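Notes for the one structure printed next.
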Amino acid sequence: MDFRAHLGLRFILKRRGTLITASLAVAIAILVVQVNSVIFQGLYDAIVRDQINYKFGHVYITRQENFITKSDFVLVNWLERIPYVEAATPRLDTTASINATQSGQLVKHYDVPVIGVDPVRDPRASTIYKTVGDGQFVSSRNSIVLGALVARDLGGVHVGDSVKLKIKDSHGEDVLKRLTVVGITETAGSVGLDNAVIINIDTLREIIDRPHQTQSILVKLNDPTKAQEVKDLFLSAFPSTHDKFKAQTIEESAETTLRGFRSGIALINLVGYFGMMSSAFAVVTIQMMQVTSKTREIGIMRAMGIRRKDILIIFIFQGMVIGAIGAALGTMFGVSYTAYAKETHMTFQGSLPLEVHYNWISLIQTDLMAFSLAIVASIYPAYKGTKLQPVEAMRTV
Amino acid sequence: MVLEVREVNKVYGQGETAVNALKDVTFSVKKGEFVLVGGSSGSGKTTLLNMIGLLDRPTKGKILIDGIDTSSLSDNQISSFRNSKLGFVFQSSNLISDLTVLENVVLSRKIQRTDENALEEAIKLLKSVGLENQMNKYANKISGGQAQRVAICRALINKPSIVLADEPTGNLDSISAETMIQLLKSMNRKLGQTFIVVTHDREQFGEVDKVITVKDGRISEDKGMEVPVKV
């Protein structure tokens, strides 16, 4: 081993307290970044997951400025012939005023989003049906599934109760429809299902007088990386100039929702990196103490003919040791935390299960950054060490 | 001449607070001589040793070692020069406590990057001073006398032109001090090594080749082959 590395290693290993403190400073910084990543990236991925599963699918097809008039049956069948497509389903959305009557009393009267789904196709392309905690998913034409918050706000509506919807049809006329509650969704609020109601798409078409019309088609892929390919295939088969279709990948369709989260994640990551800078300052302080405690030795070595550059290398090597041990500990802590979050199915506010992944690339990047910062943080103390005059340094006891 | 000191001056501070630590010091040392630098405390003898050891630079004057004018050397050249031409033994042994006895001795050779056979030579030197059983102990685990012997081995391993010793017996009891003096002198005889030893108690050293006495920054005596006091 090079004598400078040997000296650096011996100096730092003989000061275990210093080594542990400095390494922990680096490790904790990595842990902070990892915790941020697990929670906020997990939250972001959970929202993307829910947006895909409940609202947009991997590819989201709409028609520019209007409803889709082409047969949803034709479109879905065409899409399902593409090998990457697992399933597709039509959706129709609108808003309605809702109220319930309990013991002859009108309980509430307010607006809710209405989602029209195909009871047969929807469960193949979306997991919205899995959000029903009490009762069952929409089946018959007069069935309705209420969001948990809607059910609560209507005074605790239960399965079997009836509710009345008032919806404006395509001519602007109010249409009243009484429906029987068959289920209550108990999902997280990330895509607003708790505040919405779900009914049969044909019932909704009938209410708003848009027979055979569809607002959107959700496409679920068996290979999500092929979204762009499926989108391009669809648009080439149904040129937008004629049908005026609009196809979007999840990144495009959920952009409005995700843009804010991305900024938030960037901000949180910035906080993590500020934490890392704080750990770098801790390493500077610890290394300064280390240089001070080794002043006499520096003087002796200078008298023995060691060059200033060698002193610099000794203390920078110590920074490398601190960085390497800190990165190893940080990785251990980070992976442990990720494993804990994954195993315990960590949720956000108790309702939205985080999408936790072992992000090795991010972890390695964080490790490398922490390692580099520990080295950079050692440069100034090492430089101070090189500036010591041998005669002055040897007077230090 | 292995060492020539020519009109060396050293001034600390500036203006009214300036202190002339050395004033026009001139002397020379031949190869293989055992030279004592004596003088009372604060006379400037350690300053002189620091100048010769290139640990500090003179304000004026020149120091030539093996005929090389050291005043023109760069910082890196001085480091390399110190490593190859000079060996140091300090009052307190100044070993590196985080290294073992053997590692302390070998370090000079590693700095020189000529560490072939360094281990064997270090072991041989340590054996010659009776420390073969202490080689793997950490430097802070041996006695003061043993540490000074290690310091001698460390000073000698690079076969320097001059070994500079600053009060090498200053921190030792009388028996260890006597052993140390005999060791220095025997190394001088056996290896033909030039020794310049700073001491405030020159009687301890008995017969030496030359005695230089520093008083108020000036050399007051430069006597060759003098026998100041018979021990």
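The way I read the labels, and the way they are meant: chains A, B, ... in the order of the structure tokens, residue 1 as the first residue of every chain, and ligand 1 as the first ligand shown, with later ones counted on from there.
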
>> Need to verify the contact set: range 294-303 of chain A, 9 Å, only C-alpha atoms, exclusion of same-chain residues closer than 5 positions in sequence. Can you return it as an NGL selection string?
In response: (:A and (11 or 289 or 308 or 311 or 385-386 or 388-397)) or (:B and (53-55 or 79 or 82-83 or 87-88 or 94-97 or 107-108 or 111))

> Near chain B, which residues of chain A fall within 6 Å when you count only C-alpha atoms, and what do they look like as number ranges by chain?
Replying inline: A: 297, 304-307

Would you put the residues from that selection into a file with all heavy atoms, as a compact mmCIF listing (two decimals), in the first residue's frame?
# COMPACT_ATOMS: atom_id res chain seq x y z
N GLU A 297 2.60 15.53 14.29
CA GLU A 297 2.99 14.48 13.34
C GLU A 297 3.30 15.08 11.97
O GLU A 297 4.23 14.63 11.30
CB GLU A 297 1.89 13.43 13.20
CG GLU A 297 1.86 12.38 14.29
CD GLU A 297 1.15 12.85 15.55
OE1 GLU A 297 0.75 14.04 15.61
OE2 GLU A 297 1.01 12.04 16.48
N MET A 304 11.04 15.01 8.17
CA MET A 304 11.59 13.79 7.56
C MET A 304 11.60 13.88 6.04
O MET A 304 12.07 12.96 5.37
CB MET A 304 10.75 12.58 7.99
CG MET A 304 10.96 12.21 9.45
SD MET A 304 9.70 11.04 9.99
CE MET A 304 10.23 9.57 9.13
N GLY A 305 11.03 14.93 5.50
CA GLY A 305 11.14 15.14 4.06
C GLY A 305 9.87 14.87 3.27
O GLY A 305 9.91 14.83 2.04
N ILE A 306 8.75 14.70 3.98
CA ILE A 306 7.51 14.48 3.24
C ILE A 306 7.11 15.80 2.57
O ILE A 306 7.34 16.87 3.13
CB ILE A 306 6.40 13.95 4.20
CG1 ILE A 306 5.34 13.18 3.41
CG2 ILE A 306 5.76 15.05 4.99
CD1 ILE A 306 4.44 12.34 4.28
N ARG A 307 6.55 15.70 1.37
CA ARG A 307 6.21 16.92 0.63
C ARG A 307 4.81 17.40 1.03
O ARG A 307 4.00 16.63 1.55
CB ARG A 307 6.25 16.64 -0.87
CG ARG A 307 7.66 16.42 -1.39
CD ARG A 307 7.62 15.92 -2.81
NE ARG A 307 6.83 14.70 -2.92
CZ ARG A 307 6.52 14.11 -4.05
NH1 ARG A 307 6.91 14.63 -5.18
NH2 ARG A 307 5.81 13.00 -4.06

> Of the candidates A:Ser351, A:Thr241, A:Gln51, A:Ser378, which one gets nearest to Val291 in chain A if we count only C-alpha atoms?
Replying inline: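 Looking at the shortest contact to Val291 in chain A, the residue is A:Ser378.
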
> Could you name the residues that touch range 188-191 of chain B at 9 Å or less, counting only C-alpha atoms, but leaving out those on the same chain fewer than 2 positions away, as a list in words?
Replying inline: Gly32, Glu33, Phe34, Lys159, Leu183, Leu184, Lys185, Ser186, Gln193, Thr194 and Phe195 of chain B

Take the residues from that selection and write them out as a PDB file, in the first residue's frame, keeping N, CA and C atoms.
ATOM      1  N   GLY B  32      32.157  13.251   8.660  1.00  0.00           N
ATOM      2  CA  GLY B  32      32.501  12.305   9.715  1.00  0.00           C
ATOM      3  C   GLY B  32      32.780  12.939  11.060  1.00  0.00           C
ATOM      4  N   GLU B  33      32.704  14.269  11.129  1.00  0.00           N
ATOM      5  CA  GLU B  33      32.973  14.943  12.410  1.00  0.00           C
ATOM      6  C   GLU B  33      31.792  14.794  13.367  1.00  0.00           C
ATOM      7  N   PHE B  34      32.125  14.804  14.657  1.00  0.00           N
ATOM      8  CA  PHE B  34      31.098  14.833  15.705  1.00  0.00           C
ATOM      9  C   PHE B  34      31.182  16.222  16.323  1.00  0.00           C
ATOM     10  N   LYS B 159      20.844   6.857   5.456  1.00  0.00           N
ATOM     11  CA  LYS B 159      22.290   7.154   5.344  1.00  0.00           C
ATOM     12  C   LYS B 159      22.492   8.626   4.959  1.00  0.00           C
ATOM     13  N   LEU B 183      25.820   5.718  22.211  1.00  0.00           N
ATOM     14  CA  LEU B 183      25.229   5.213  20.961  1.00  0.00           C
ATOM     15  C   LEU B 183      25.524   6.167  19.801  1.00  0.00           C
ATOM     16  N   LEU B 184      25.325   7.464  20.056  1.00  0.00           N
ATOM     17  CA  LEU B 184      25.584   8.463  19.013  1.00  0.00           C
ATOM     18  C   LEU B 184      27.048   8.421  18.586  1.00  0.00           C
ATOM     19  N   LYS B 185      27.907   8.341  19.578  1.00  0.00           N
ATOM     20  CA  LYS B 185      29.338   8.371  19.265  1.00  0.00           C
ATOM     21  C   LYS B 185      29.777   7.083  18.547  1.00  0.00           C
ATOM     22  N   SER B 186      29.195   5.965  18.958  1.00  0.00           N
ATOM     23  CA  SER B 186      29.586   4.712  18.301  1.00  0.00           C
ATOM     24  C   SER B 186      29.087   4.699  16.850  1.00  0.00           C
ATOM     25  N   GLN B 193      29.494   8.707  10.149  1.00  0.00           N
ATOM     26  CA  GLN B 193      28.393   9.637   9.950  1.00  0.00           C
ATOM     27  C   GLN B 193      28.717  10.970  10.631  1.00  0.00           C
ATOM     28  N   THR B 194      28.383  12.074   9.962  1.00  0.00           N
ATOM     29  CA  THR B 194      28.587  13.395  10.578  1.00  0.00           C
ATOM     30  C   THR B 194      27.436  13.659  11.546  1.00  0.00           C
ATOM     31  N   PHE B 195      27.770  14.040  12.764  1.00  0.00           N
ATOM     32  CA  PHE B 195      26.737  14.360  13.764  1.00  0.00           C
ATOM     33  C   PHE B 195      26.907  15.813  14.204  1.00  0.00           C
TER      34      PHE B 195
END

> Could you state the separation of CA of Asn195 in chain A and CA of Pro119 in chain A in Å, given to one decimal place?
Replying inline: 20.0 Å

>> Residues within 8 Å of range 114-128 of chain B, please, as an MDAnalysis selection string. Count only C-alpha atoms; anything in the same chain fewer than 4 positions from it doesn't count.
In response: chainID B and resid 102 105:106 109:110 132 135 150 153 157

Please produce a file of those selected residues containing N, CA, C and O atoms, as a PDB file, in the first residue's frame.
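See result14.pdb below for the written result:
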ATOM      1  N   LEU B 102       8.925  -0.183  14.111  1.00  0.00           N
ATOM      2  CA  LEU B 102       9.493  -0.548  12.811  1.00  0.00           C
ATOM      3  C   LEU B 102       8.967   0.377  11.704  1.00  0.00           C
ATOM      4  O   LEU B 102       9.730   0.850  10.855  1.00  0.00           O
ATOM      5  N   VAL B 105      10.667   3.710  11.659  1.00  0.00           N
ATOM      6  CA  VAL B 105      12.018   3.704  11.085  1.00  0.00           C
ATOM      7  C   VAL B 105      11.943   3.607   9.549  1.00  0.00           C
ATOM      8  O   VAL B 105      12.672   4.302   8.833  1.00  0.00           O
ATOM      9  N   VAL B 106      11.032   2.776   9.076  1.00  0.00           N
ATOM     10  CA  VAL B 106      10.928   2.538   7.631  1.00  0.00           C
ATOM     11  C   VAL B 106      10.337   3.749   6.892  1.00  0.00           C
ATOM     12  O   VAL B 106      10.597   3.941   5.702  1.00  0.00           O
ATOM     13  N   ARG B 109      12.341   5.874   4.464  1.00  0.00           N
ATOM     14  CA  ARG B 109      12.642   5.226   3.175  1.00  0.00           C
ATOM     15  C   ARG B 109      11.418   5.230   2.262  1.00  0.00           C
ATOM     16  O   ARG B 109      11.541   5.353   1.048  1.00  0.00           O
ATOM     17  N   LYS B 110      10.261   5.095   2.882  1.00  0.00           N
ATOM     18  CA  LYS B 110       9.032   5.120   2.073  1.00  0.00           C
ATOM     19  C   LYS B 110       8.823   6.505   1.479  1.00  0.00           C
ATOM     20  O   LYS B 110       8.373   6.635   0.335  1.00  0.00           O
ATOM     21  N   GLU B 132      15.256  -5.093  19.158  1.00  0.00           N
ATOM     22  CA  GLU B 132      14.647  -6.107  18.290  1.00  0.00           C
ATOM     23  C   GLU B 132      13.337  -6.650  18.869  1.00  0.00           C
ATOM     24  O   GLU B 132      12.466  -7.104  18.111  1.00  0.00           O
ATOM     25  N   MET B 135      10.033  -3.984  18.166  1.00  0.00           N
ATOM     26  CA  MET B 135       9.773  -3.493  16.813  1.00  0.00           C
ATOM     27  C   MET B 135       8.302  -3.332  16.463  1.00  0.00           C
ATOM     28  O   MET B 135       7.929  -2.430  15.731  1.00  0.00           O
ATOM     29  N   VAL B 150      15.054   4.671  18.846  1.00  0.00           N
ATOM     30  CA  VAL B 150      14.290   4.500  17.605  1.00  0.00           C
ATOM     31  C   VAL B 150      14.510   5.723  16.705  1.00  0.00           C
ATOM     32  O   VAL B 150      14.720   5.605  15.490  1.00  0.00           O
ATOM     33  N   CYS B 153      17.700   5.441  14.896  1.00  0.00           N
ATOM     34  CA  CYS B 153      17.575   4.510  13.761  1.00  0.00           C
ATOM     35  C   CYS B 153      16.854   5.176  12.604  1.00  0.00           C
ATOM     36  O   CYS B 153      17.240   5.034  11.444  1.00  0.00           O
ATOM     37  N   ILE B 157      18.515   5.641   8.793  1.00  0.00           N
ATOM     38  CA  ILE B 157      18.133   4.635   7.782  1.00  0.00           C
ATOM     39  C   ILE B 157      18.375   5.095   6.344  1.00  0.00           C
ATOM     40  O   ILE B 157      18.681   4.301   5.467  1.00  0.00           O
TER      41      ILE B 157
END
